[in-house]
>>> print(open('structure_9.cif').read())   # mmCIF, C-alpha atoms
data_run
#
loop_
_atom_site.label_atom_id
_atom_site.label_comp_id
_atom_site.auth_asym_id
_atom_site.auth_seq_id
_atom_site.Cartn_x
_atom_site.Cartn_y
_atom_site.Cartn_z
CA MET A 12 -1.93 30.68 -8.38
CA ALA A 13 -3.22 29.69 -4.95
CA VAL A 14 -0.84 27.72 -2.74
CA THR A 15 -2.38 24.50 -1.46
CA VAL A 16 -1.54 22.07 1.29
CA ASP A 17 0.08 18.89 -0.03
CA ASP A 18 -1.98 15.75 -0.36
CA ARG A 19 -1.38 13.11 2.26
CA ASP A 20 -2.39 10.03 0.28
CA ALA A 21 -1.10 7.26 2.51
CA THR A 22 -2.32 3.70 2.85
CA ARG A 23 -5.36 3.30 5.08
CA THR A 24 -5.92 0.53 7.52
CA ARG A 25 -8.87 -1.81 7.13
CA GLY A 26 -11.99 -0.33 8.67
CA GLY A 27 -10.14 2.59 10.29
CA VAL A 28 -8.41 5.84 9.52
CA ARG A 29 -4.93 7.18 10.20
CA ILE A 30 -3.78 10.51 11.58
CA GLY A 31 -3.28 13.19 8.96
CA ILE A 32 -5.54 11.56 6.37
CA PRO A 33 -8.98 13.00 5.55
CA PRO A 34 -11.78 10.44 6.10
CA GLU A 35 -13.49 9.11 2.97
CA ASN A 36 -16.77 7.72 4.29
CA ARG A 37 -19.18 8.03 7.20
CA ARG A 38 -17.53 5.26 9.23
CA GLN A 39 -14.12 6.91 8.99
CA HIS A 40 -15.65 10.27 9.91
CA VAL A 41 -17.20 8.74 13.04
CA VAL A 42 -13.97 6.95 14.04
CA LYS A 43 -11.81 10.00 13.56
CA LEU A 44 -14.32 12.26 15.29
CA PHE A 45 -14.36 9.86 18.25
CA TRP A 46 -10.58 9.79 18.69
CA THR A 47 -10.31 13.53 18.14
CA GLY A 48 -13.11 14.14 20.61
CA LEU A 49 -11.27 12.23 23.33
CA TRP A 50 -8.61 14.94 23.40
CA LEU A 51 -11.28 17.56 24.07
CA PHE A 52 -11.37 16.19 27.61
CA TYR A 53 -8.68 18.70 28.49
CA LEU A 54 -11.21 21.48 27.88
CA SER A 55 -12.85 20.48 31.15
CA ALA A 56 -10.95 23.29 32.92
CA PRO A 57 -12.58 26.09 30.87
CA VAL A 58 -15.98 24.38 31.13
CA LEU A 59 -15.72 24.09 34.92
CA ASP A 60 -14.58 27.70 35.06
CA LEU A 61 -17.75 28.74 33.24
CA VAL A 62 -19.87 26.80 35.71
CA ARG A 63 -18.08 27.61 38.96
CA GLY A 64 -15.88 30.58 38.17
CA GLY A 65 -18.21 33.23 39.49
CA HIS A 66 -18.35 35.12 36.18
CA SER A 67 -21.09 37.52 35.23
CA ALA A 68 -23.83 36.53 32.80
CA GLY A 69 -22.16 38.50 30.01
CA ALA A 70 -18.82 36.82 30.66
CA ARG A 71 -20.45 33.38 30.65
CA THR A 72 -22.17 34.15 27.35
CA LEU A 73 -18.85 35.28 25.87
CA GLY A 74 -17.18 32.14 27.16
CA VAL A 75 -19.82 29.74 25.81
CA LEU A 76 -19.91 31.34 22.37
CA GLY A 77 -16.12 31.64 22.19
CA LEU A 78 -15.52 28.07 23.31
CA ALA A 79 -18.10 26.73 20.84
CA ALA A 80 -16.48 28.66 17.98
CA PHE A 81 -13.02 27.50 19.07
CA VAL A 82 -14.01 23.81 19.22
CA ALA A 83 -15.79 23.99 15.84
CA ALA A 84 -12.78 25.58 14.14
CA TYR A 85 -10.41 23.10 15.78
CA LEU A 86 -12.43 20.07 14.69
CA VAL A 87 -12.68 21.33 11.10
CA LEU A 88 -8.91 21.86 10.91
CA VAL A 89 -7.97 18.49 12.44
CA LEU A 90 -10.61 16.40 10.65
CA ARG A 91 -9.76 17.91 7.28
CA ALA A 92 -5.98 17.66 7.80
CA GLY A 93 -4.44 16.14 4.70
CA SER A 94 -7.07 17.37 2.24
CA ARG A 95 -6.37 19.89 -0.51
CA ALA A 96 -7.33 22.97 1.46
CA PHE A 97 -6.16 26.45 0.50
CA LEU A 98 -3.18 27.37 2.63
CA SER A 99 -4.46 30.91 3.11
CA ARG A 100 -7.73 29.58 4.57
CA VAL A 101 -5.86 27.29 6.95
CA LEU A 102 -3.71 30.20 8.15
CA VAL A 103 -6.81 32.36 8.64
CA ALA A 104 -8.51 29.60 10.65
CA LEU A 105 -5.39 29.19 12.82
CA GLY A 106 -5.31 32.95 13.32
CA VAL A 107 -8.93 32.84 14.48
CA LEU A 108 -8.08 30.03 16.93
CA ALA A 109 -5.12 31.98 18.32
CA ALA A 110 -7.21 35.14 18.64
CA LEU A 111 -10.01 33.30 20.43
CA ALA A 112 -7.53 31.64 22.80
CA THR A 113 -5.94 35.00 23.59
CA VAL A 114 -9.20 36.91 24.11
CA LEU A 115 -10.81 34.18 26.21
CA SER A 116 -7.70 33.75 28.38
CA LEU A 117 -7.36 37.48 29.03
CA ALA A 118 -11.08 37.92 29.66
CA LEU A 119 -11.86 34.81 31.72
CA GLY A 120 -8.65 33.76 33.41
CA ARG A 121 -5.80 31.27 33.53
CA GLU A 122 -7.98 28.16 33.08
CA TRP A 123 -8.42 29.15 29.43
CA LEU A 124 -4.70 29.06 28.63
CA VAL A 125 -5.11 25.38 27.72
CA LEU A 126 -6.65 26.52 24.41
CA PHE A 127 -3.16 27.39 23.17
CA VAL A 128 -2.23 23.69 23.30
CA TYR A 129 -4.97 23.02 20.75
CA VAL A 130 -3.71 25.90 18.60
CA ALA A 131 -0.23 24.34 18.48
CA ILE A 132 -1.54 20.84 17.75
CA SER A 133 -3.93 21.97 15.01
CA SER A 134 -1.17 23.99 13.33
CA GLY A 135 1.07 20.91 13.29
CA ALA A 136 -1.75 18.78 11.87
CA ALA A 137 -3.13 21.16 9.25
CA LEU A 138 -0.04 22.87 7.85
CA PRO A 139 2.87 21.54 5.78
CA GLY A 140 6.11 21.03 7.68
CA GLU A 141 7.79 24.12 6.27
CA TYR A 142 5.08 26.24 7.90
CA SER A 143 4.23 24.29 11.04
CA ARG A 144 7.85 24.24 12.22
CA TRP A 145 7.40 27.98 12.73
CA THR A 146 3.75 28.18 13.77
CA VAL A 147 4.13 25.70 16.65
CA PRO A 148 6.84 27.77 18.39
CA ALA A 149 4.83 30.91 17.57
CA ALA A 150 1.76 29.46 19.30
CA THR A 151 3.92 28.53 22.29
CA ALA A 152 5.41 32.04 22.42
CA LEU A 153 1.91 33.53 22.32
CA LEU A 154 0.93 31.19 25.16
CA THR A 155 3.88 32.45 27.22
CA ALA A 156 3.11 36.09 26.57
CA THR A 157 -0.58 35.67 27.40
CA ALA A 158 0.16 33.67 30.56
CA LEU A 159 2.36 36.48 31.85
CA LEU A 160 -0.53 38.93 31.41
CA VAL A 161 -3.17 36.74 33.04
CA PRO A 162 -3.34 36.79 36.85
CA ASP A 163 -1.50 33.75 38.22
CA GLY A 164 -1.02 32.52 34.64
CA ASN A 165 2.64 31.77 35.23
CA HIS A 166 1.60 28.93 37.56
CA TYR A 167 -0.21 27.24 34.63
CA LEU A 168 2.51 28.07 32.12
CA VAL A 169 4.93 25.37 33.27
CA GLY A 170 2.33 22.63 32.78
CA LEU A 171 1.23 23.86 29.34
CA LEU A 172 4.49 24.69 27.56
CA LEU A 173 5.63 21.08 27.16
CA PRO A 174 2.26 19.73 25.91
CA ALA A 175 2.01 22.58 23.40
CA LEU A 176 5.52 22.07 22.02
CA MET A 177 5.49 18.26 22.12
CA GLY A 178 1.95 17.95 20.76
CA GLY A 179 2.55 20.40 17.94
CA PHE A 180 5.87 18.93 16.85
CA ALA A 181 4.48 15.38 17.20
CA MET A 182 1.91 16.28 14.55
CA VAL A 183 4.69 17.77 12.41
CA GLY A 184 6.54 14.45 12.69
CA VAL A 185 3.41 12.48 11.79
CA GLN A 186 2.92 14.62 8.67
CA ALA A 187 6.56 14.11 7.66
CA MET A 188 6.25 10.34 8.19
CA LEU A 189 3.09 10.16 6.09
CA ARG A 190 4.70 12.24 3.36
CA THR A 191 7.71 9.92 3.32
CA THR A 192 5.43 6.86 3.22
CA THR A 193 3.56 8.30 0.26
CA GLN A 194 6.79 9.03 -1.59
CA LEU A 195 8.05 5.50 -0.94
CA SER A 196 4.79 4.02 -2.23
CA GLU A 197 5.04 6.13 -5.37
CA ALA A 198 8.67 5.13 -5.81
CA ARG A 199 7.75 1.42 -5.50
CA ALA A 200 5.03 1.84 -8.10
CA THR A 201 7.49 3.60 -10.42
CA VAL A 202 10.09 0.86 -9.97
CA ALA A 203 7.47 -1.81 -10.70
CA GLN A 204 6.37 0.04 -13.83
CA LEU A 205 9.97 0.43 -15.02
CA ALA A 206 10.61 -3.27 -14.38
CA ALA A 207 7.52 -4.18 -16.42
CA ASN A 208 8.63 -1.88 -19.24
CA GLU A 209 12.11 -3.38 -19.18
CA GLU A 210 10.64 -6.88 -19.36
CA ARG A 211 8.55 -5.87 -22.38
CA LEU A 212 11.62 -4.42 -24.07
CA ARG A 213 13.61 -7.56 -23.33
CA MET A 214 10.89 -9.75 -24.77
CA ALA A 215 10.67 -7.52 -27.83
CA ARG A 216 14.44 -7.75 -28.33
CA ASP A 217 14.45 -11.52 -27.92
CA LEU A 218 11.56 -12.00 -30.34
CA HIS A 219 13.27 -9.71 -32.82
CA ASP A 220 16.48 -11.72 -32.55
CA LEU A 221 14.55 -14.97 -32.92
CA LEU A 222 12.32 -13.98 -35.81
CA GLY A 223 14.35 -11.35 -37.64
CA HIS A 224 16.64 -13.80 -39.41
CA SER A 225 13.90 -16.36 -40.02
CA LEU A 226 11.49 -13.84 -41.51
CA SER A 227 14.22 -12.36 -43.73
CA LEU A 228 15.07 -15.85 -44.97
CA ILE A 229 11.40 -16.65 -45.60
CA THR A 230 11.01 -13.42 -47.60
CA LEU A 231 14.10 -14.15 -49.69
CA LYS A 232 13.12 -17.74 -50.45
CA SER A 233 9.57 -16.69 -51.27
CA GLU A 234 10.88 -14.24 -53.84
CA LEU A 235 13.16 -16.91 -55.30
CA ALA A 236 10.31 -19.41 -55.48
CA GLY A 237 8.14 -16.82 -57.21
CA ARG A 238 10.78 -16.20 -59.87
CA MET A 239 11.48 -19.93 -60.39
CA LEU A 240 7.89 -21.08 -60.46
CA PRO A 241 7.10 -20.57 -64.18
CA ASP A 242 10.25 -22.17 -65.63
CA HIS A 243 11.69 -24.33 -62.83
CA PRO A 244 8.87 -25.75 -60.70
CA ASP A 245 11.13 -28.42 -59.13
CA ARG A 246 13.57 -25.81 -57.87
CA ALA A 247 10.65 -23.66 -56.66
CA ALA A 248 9.30 -26.67 -54.75
CA ARG A 249 12.64 -27.04 -52.96
CA GLN A 250 12.50 -23.39 -51.94
CA VAL A 251 8.96 -23.88 -50.63
CA ALA A 252 10.15 -26.90 -48.65
CA ASP A 253 12.95 -24.78 -47.15
CA ILE A 254 10.40 -22.11 -46.26
CA GLU A 255 8.30 -24.72 -44.45
CA GLN A 256 11.33 -25.93 -42.48
CA VAL A 257 12.33 -22.38 -41.51
CA CYS A 258 8.76 -21.63 -40.38
CA ARG A 259 8.61 -24.75 -38.22
CA GLN A 260 11.94 -23.95 -36.60
CA ALA A 261 10.86 -20.35 -35.97
CA LEU A 262 7.67 -21.62 -34.32
CA VAL A 263 9.70 -23.92 -32.05
CA ASP A 264 12.01 -21.05 -31.08
CA VAL A 265 9.10 -18.77 -30.23
CA ARG A 266 7.40 -21.44 -28.15
CA GLU A 267 10.60 -22.12 -26.21
CA ALA A 268 11.11 -18.39 -25.60
CA VAL A 269 7.54 -17.82 -24.41
CA SER A 270 7.68 -20.93 -22.21
CA GLY A 271 10.83 -19.63 -20.61
CA TYR A 272 9.14 -16.32 -19.83
CA ARG A 273 6.02 -17.90 -18.41
CA ARG A 274 7.55 -20.74 -16.36
CA PRO A 275 7.79 -19.60 -12.73
CA THR A 276 10.41 -20.94 -10.33
CA LEU A 277 10.08 -21.61 -6.61
CA PRO A 278 12.88 -19.21 -5.53
CA GLY A 279 11.33 -16.42 -7.59
CA GLU A 280 7.81 -17.11 -6.32
CA LEU A 281 8.98 -17.29 -2.69
CA ALA A 282 10.63 -13.88 -3.05
CA GLY A 283 7.54 -12.50 -4.77
CA ALA A 284 5.26 -13.97 -2.10
CA ARG A 285 7.29 -12.36 0.68
CA THR A 286 7.10 -8.98 -1.05
CA ALA A 287 3.35 -9.25 -1.76
CA LEU A 288 2.46 -10.35 1.78
CA THR A 289 4.60 -7.66 3.39
CA ALA A 290 3.08 -4.98 1.16
CA ALA A 291 -0.41 -6.17 2.19
CA GLY A 292 0.46 -5.96 5.90
CA VAL A 293 0.52 -9.74 6.37
CA THR A 294 3.27 -11.30 8.50
CA ALA A 295 5.02 -13.78 6.19
CA ASP A 296 6.56 -17.00 7.54
CA LEU A 297 8.24 -18.51 4.47
CA PRO A 298 11.10 -20.96 3.93
CA THR A 299 14.40 -19.34 3.07
CA ASP A 300 15.49 -21.94 0.50
CA ALA A 301 13.75 -23.96 -2.19
CA PRO A 302 14.63 -27.60 -2.95
CA GLY A 303 16.83 -28.09 -5.98
CA GLU A 304 16.02 -31.70 -6.91
CA LEU A 305 12.69 -30.99 -8.63
CA LEU A 306 12.13 -31.38 -12.34
CA GLU A 307 11.11 -28.29 -14.28
CA GLU A 308 7.50 -29.43 -14.70
CA THR A 309 6.97 -30.25 -11.02
CA GLU A 310 8.73 -27.10 -9.80
CA SER A 311 6.60 -25.04 -12.16
CA ALA A 312 3.39 -26.64 -10.83
CA LEU A 313 4.38 -25.90 -7.21
CA ALA A 314 5.40 -22.35 -8.12
CA TRP A 315 2.01 -21.72 -9.76
CA SER A 316 0.33 -23.15 -6.64
CA LEU A 317 2.28 -20.80 -4.37
CA ARG A 318 1.45 -17.81 -6.55
CA GLU A 319 -2.29 -18.59 -6.59
CA ALA A 320 -2.41 -19.28 -2.84
CA VAL A 321 -0.63 -16.06 -1.93
CA THR A 322 -2.85 -14.10 -4.32
CA ASN A 323 -5.92 -15.48 -2.55
CA VAL A 324 -4.46 -14.59 0.85
CA VAL A 325 -3.79 -11.00 -0.22
CA ARG A 326 -7.09 -10.46 -2.04
CA HIS A 327 -9.67 -12.45 -0.10
CA SER A 328 -8.56 -13.56 3.36
CA GLY A 329 -7.98 -10.40 5.40
CA ALA A 330 -5.34 -12.43 7.23
CA LYS A 331 -2.70 -11.09 9.61
CA ARG A 332 -0.29 -14.01 9.21
CA CYS A 333 0.52 -16.46 6.43
CA THR A 334 2.72 -19.54 6.84
CA VAL A 335 4.28 -21.41 3.93
CA THR A 336 6.01 -24.77 4.34
CA LEU A 337 7.79 -26.82 1.71
CA GLU A 338 8.95 -30.30 2.69
CA ALA A 339 9.52 -33.79 1.33
CA CYS A 340 7.14 -36.49 2.58
CA GLN A 341 6.92 -40.24 2.16
CA THR A 342 3.49 -41.56 1.11
CA LEU A 343 2.16 -44.96 0.02
CA ALA A 344 2.52 -43.82 -3.57
CA GLY A 345 6.15 -42.82 -3.04
CA PRO A 346 8.08 -39.69 -2.04
CA VAL A 347 6.38 -36.37 -2.69
CA MET A 348 7.15 -32.70 -2.23
CA GLU A 349 4.34 -30.94 -0.35
CA LEU A 350 3.68 -27.21 -0.42
CA THR A 351 1.32 -25.90 2.30
CA VAL A 352 0.02 -22.35 2.54
CA ARG A 353 -2.03 -21.50 5.62
CA ASP A 354 -3.45 -18.17 6.81
CA ASP A 355 -5.45 -16.98 9.81
CA GLY A 356 -7.96 -14.92 7.87
CA ALA A 357 -11.65 -15.24 7.14
CA GLY A 358 -11.10 -18.01 4.59
CA GLY A 359 -10.40 -18.30 0.89
CA PRO A 360 -12.83 -18.22 -2.03
CA GLY A 361 -16.10 -19.98 -1.33
CA ASN A 362 -15.99 -22.14 -4.42
CA HIS A 363 -13.13 -23.44 -6.51
CA GLY A 364 -12.84 -20.76 -9.15
CA ASN A 365 -10.75 -20.71 -12.28
CA GLY A 366 -7.53 -20.26 -10.31
CA LEU A 367 -7.87 -23.39 -8.16
CA THR A 368 -9.32 -25.36 -11.07
CA GLY A 369 -6.31 -24.46 -13.18
CA LEU A 370 -3.98 -25.45 -10.35
CA THR A 371 -5.66 -28.83 -10.04
CA GLU A 372 -5.14 -29.45 -13.74
CA ARG A 373 -1.48 -28.38 -13.59
CA LEU A 374 -0.78 -30.64 -10.63
CA GLU A 375 -2.62 -33.62 -12.12
CA ALA A 376 -0.58 -33.19 -15.31
CA VAL A 377 2.59 -33.98 -13.32
CA GLY A 378 0.99 -36.66 -11.14
CA GLY A 379 0.27 -34.35 -8.22
CA SER A 380 -2.82 -33.34 -6.27
CA LEU A 381 -4.38 -30.28 -4.66
CA ALA A 382 -6.35 -29.93 -1.42
CA ALA A 383 -7.84 -26.62 -0.30
CA GLY A 384 -10.34 -25.67 2.38
CA PRO A 385 -10.95 -24.08 5.79
CA ALA A 386 -8.32 -24.68 8.46
CA GLY A 387 -10.15 -25.01 11.76
CA LYS A 388 -12.41 -22.21 12.97
CA THR A 389 -10.48 -19.48 11.19
CA GLY A 390 -8.14 -19.46 8.28
CA PHE A 391 -7.67 -21.28 5.00
CA ARG A 392 -5.23 -24.02 4.02
CA LEU A 393 -3.98 -25.00 0.58
CA SER A 394 -1.83 -28.09 0.12
CA ALA A 395 -0.20 -29.05 -3.19
CA ARG A 396 1.72 -32.32 -3.69
CA VAL A 397 3.96 -33.41 -6.56
CA PRO A 398 5.91 -36.64 -6.86
CA LEU A 399 9.69 -36.54 -6.50
CA GLY A 400 11.85 -37.93 -9.26
CA SER A 401 9.13 -38.10 -11.88
CA SER A 402 7.28 -35.67 -14.04
CA SER A 403 4.22 -37.76 -14.56
#
>>> encode(input="structure_9.cif", output="structure tokens")
Amino acid sequence: MAVTVDDRDATRTRGGVRIGIPPENRRQHVVKLFWTGLWLFYLSAPVLDLVRGGHSAGARTLGVLGLAAFVAAYLVLVLRAGSRAFLSRVLVALGVLAALATVLSLALGREWLVLFVYVAISSGAALPGEYSRWTVPAATALLTATALLVPDGNHYLVGLLLPALMGGFAMVGVQAMLRTTTQLSEARATVAQLAANEERLRMARDLHDLLGHSLSLITLKSELAGRMLPDHPDRAARQVADIEQVCRQALVDVREAVSGYRRPTLPGELAGARTALTAAGVTADLPTDAPGELLEETESALAWSLREAVTNVVRHSGAKRCTVTLEACQTLAGPVMELTVRDDGAGGPGNHGNGLTGLTERLEAVGGSLAAGPAGKTGFRLSARVPLGSSS
């Protein structure tokens, strides 16, 4: 089985691309090619040597072809870093880079020793850590040996050793950081899935405990009613009446259980909002405590408002910062609790969709109100109010 380089599936930034991650579209290719191309500035020494080094025509031809092949191989390795490339092919490409750097340095002079810095950096970017921790020092050792063979190469060696080592190991560190980030993201997803499974199991257990006894009793009384019906219809009628009562009570129990699962609370939603905003890369400015004097219905309405507002910020706004305030206010209609969610993004949904329509209905059911719209030139603001001390 062929050994492959590990995937580097880390979170991408909006509109850009991170180091160590293969680009997915043309824009990301252009951005990454631009930033990678900036570092090719250090190849100005070999280029100037070709122009003003006094080499023969054959030597210039060798230098141009060798430098073009070196740059092409380097760009392929760095731009594809993080993709599922065969390890053997990556090692062969790095060997070609090292060979080109050695041949060109020995043939054309000390100005070409800078190519070894690119060999070290590309090995750190394209190889897994267990390999690059050896290839980077190997590239540096090859640089040292070649510099000692090139006339006056030792004068360039001091200025190239540190960039080769630091650049190569910096890329090793970037790869390790991205790998750790990926593992943490996978672990968070696993924890969330386990939590959801545990919640399903808990609901299943609770429903079983609620309905198990009632359904057993209904089955027993139905059998009794069936046996009594021909000869004792009055006694059968009493059993049927008991069945009706048990069914009604079971329905009440189920409704109470489901309502308890579905009713959000402000402390829980504040914690969930902080987690969601942080995961989306949005700076969250949230209150640390929730008021405790709210009735269940009004707290639930505010909690649903907070959930919907934060969902819109994460999905639609592209914001960098989100501020949530929760404070008691005095109005002409009496004291109210006001929840305000404001972001600095491109704005919320253009029209009031099902989410905001549902929030309006929830708030009106407890005597509250909802206001949502743009906040100045940029950003979106949602304000939900519920009366204090009353549920209607």
>>> residues_around(input="structure_9.cif", residues="Leu367 in chain A", least_positions_apart="4", cutoff="9 Å", atoms="only C-alpha atoms", output="short mmCIF file (atom, residue, chain, number, x, y, z; two decimals) with C-alpha atoms, in the frame of the given file")
data_model
loop_
_atom_site.label_atom_id
_atom_site.label_comp_id
_atom_site.auth_asym_id
_atom_site.auth_seq_id
_atom_site.Cartn_x
_atom_site.Cartn_y
_atom_site.Cartn_z
CA SER A 316 0.33 -23.15 -6.64
CA GLU A 319 -2.29 -18.59 -6.59
CA ALA A 320 -2.41 -19.28 -2.84
CA HIS A 363 -13.13 -23.44 -6.51
CA THR A 371 -5.66 -28.83 -10.04
CA GLU A 372 -5.14 -29.45 -13.74
CA LEU A 381 -4.38 -30.28 -4.66
CA ALA A 383 -7.84 -26.62 -0.30
#
>>> closest_residue(input="structure_9.cif", among="A:Ala137, A:Leu370, A:Ile132, A:Ala215", to="Thr309 in chain A", atoms="only C-alpha atoms")
A:Leu370
>>> atom_distance(input="structure_9.cif", atom1="CA of Leu228 in chain A", atom2="CA of Val251 in chain A")
11.6 Å
>>> residues_around(input="structure_9.cif", residues="Leu78 in chain A", least_positions_apart="6", cutoff="9 Å", atoms="only C-alpha atoms", output="ChimeraX atom specification")
/A:57-58,111-112,115
>>> residues_around(input="structure_9.cif", residues="Ala80 in chain A", least_positions_apart="5", cutoff="9 Å", atoms="all atoms listed in the file", output="PyMOL selection string")
chain A and resi 75+85+108+111
>>> resolve_selection(input="structure_9.cif", expression="the PyMOL selection byres ((chain A and resi 273-289) around 8)", output="VMD selection string")
chain A and resid 269 to 272 290 to 295 297 to 298 300 to 301 310 to 311 313 to 315 317 to 318 321 325 333
>>> closest_residue(input="structure_9.cif", among="A:Ala207, A:Leu221, A:Ala252, A:Leu51", to="Asp264 in chain A", atoms="only C-alpha atoms")
A:Leu221
>>> closest_residue(input="structure_9.cif", among="A:Leu195, A:Ser225, A:Ala158, A:Lys331", to="Glu255 in chain A", atoms="only C-alpha atoms")
A:Ser225
>>> build_atoms(input="structure_9.cif", residues="range 62-73 of chain A", atoms="N, CA and C atoms", output="PDB file, in the frame of the given file")
ATOM      1  N   VAL A  62     -18.827  27.211  34.785  1.00  0.00           N
ATOM      2  CA  VAL A  62     -19.870  26.800  35.710  1.00  0.00           C
ATOM      3  C   VAL A  62     -19.630  27.338  37.119  1.00  0.00           C
ATOM      4  N   ARG A  63     -18.360  27.287  37.561  1.00  0.00           N
ATOM      5  CA  ARG A  63     -18.080  27.610  38.960  1.00  0.00           C
ATOM      6  C   ARG A  63     -17.121  28.774  39.149  1.00  0.00           C
ATOM      7  N   GLY A  64     -16.882  29.518  38.071  1.00  0.00           N
ATOM      8  CA  GLY A  64     -15.880  30.580  38.170  1.00  0.00           C
ATOM      9  C   GLY A  64     -16.389  31.886  38.714  1.00  0.00           C
ATOM     10  N   GLY A  65     -17.675  31.992  38.947  1.00  0.00           N
ATOM     11  CA  GLY A  65     -18.210  33.230  39.490  1.00  0.00           C
ATOM     12  C   GLY A  65     -18.241  34.364  38.494  1.00  0.00           C
ATOM     13  N   HIS A  66     -18.325  34.071  37.197  1.00  0.00           N
ATOM     14  CA  HIS A  66     -18.350  35.120  36.180  1.00  0.00           C
ATOM     15  C   HIS A  66     -19.749  35.705  36.054  1.00  0.00           C
ATOM     16  N   SER A  67     -19.802  36.878  35.496  1.00  0.00           N
ATOM     17  CA  SER A  67     -21.090  37.520  35.230  1.00  0.00           C
ATOM     18  C   SER A  67     -21.792  36.816  34.080  1.00  0.00           C
ATOM     19  N   ALA A  68     -23.066  37.146  33.894  1.00  0.00           N
ATOM     20  CA  ALA A  68     -23.830  36.530  32.800  1.00  0.00           C
ATOM     21  C   ALA A  68     -23.230  36.866  31.452  1.00  0.00           C
ATOM     22  N   GLY A  69     -22.779  38.120  31.283  1.00  0.00           N
ATOM     23  CA  GLY A  69     -22.160  38.500  30.010  1.00  0.00           C
ATOM     24  C   GLY A  69     -20.873  37.734  29.756  1.00  0.00           C
ATOM     25  N   ALA A  70     -20.071  37.558  30.812  1.00  0.00           N
ATOM     26  CA  ALA A  70     -18.820  36.820  30.660  1.00  0.00           C
ATOM     27  C   ALA A  70     -19.089  35.356  30.333  1.00  0.00           C
ATOM     28  N   ARG A  71     -20.102  34.773  30.965  1.00  0.00           N
ATOM     29  CA  ARG A  71     -20.450  33.380  30.650  1.00  0.00           C
ATOM     30  C   ARG A  71     -20.898  33.249  29.196  1.00  0.00           C
ATOM     31  N   THR A  72     -21.720  34.200  28.748  1.00  0.00           N
ATOM     32  CA  THR A  72     -22.170  34.150  27.350  1.00  0.00           C
ATOM     33  C   THR A  72     -20.981  34.248  26.402  1.00  0.00           C
ATOM     34  N   LEU A  73     -20.065  35.167  26.689  1.00  0.00           N
ATOM     35  CA  LEU A  73     -18.850  35.280  25.870  1.00  0.00           C
ATOM     36  C   LEU A  73     -18.062  33.980  25.892  1.00  0.00           C
TER      37      LEU A  73
END
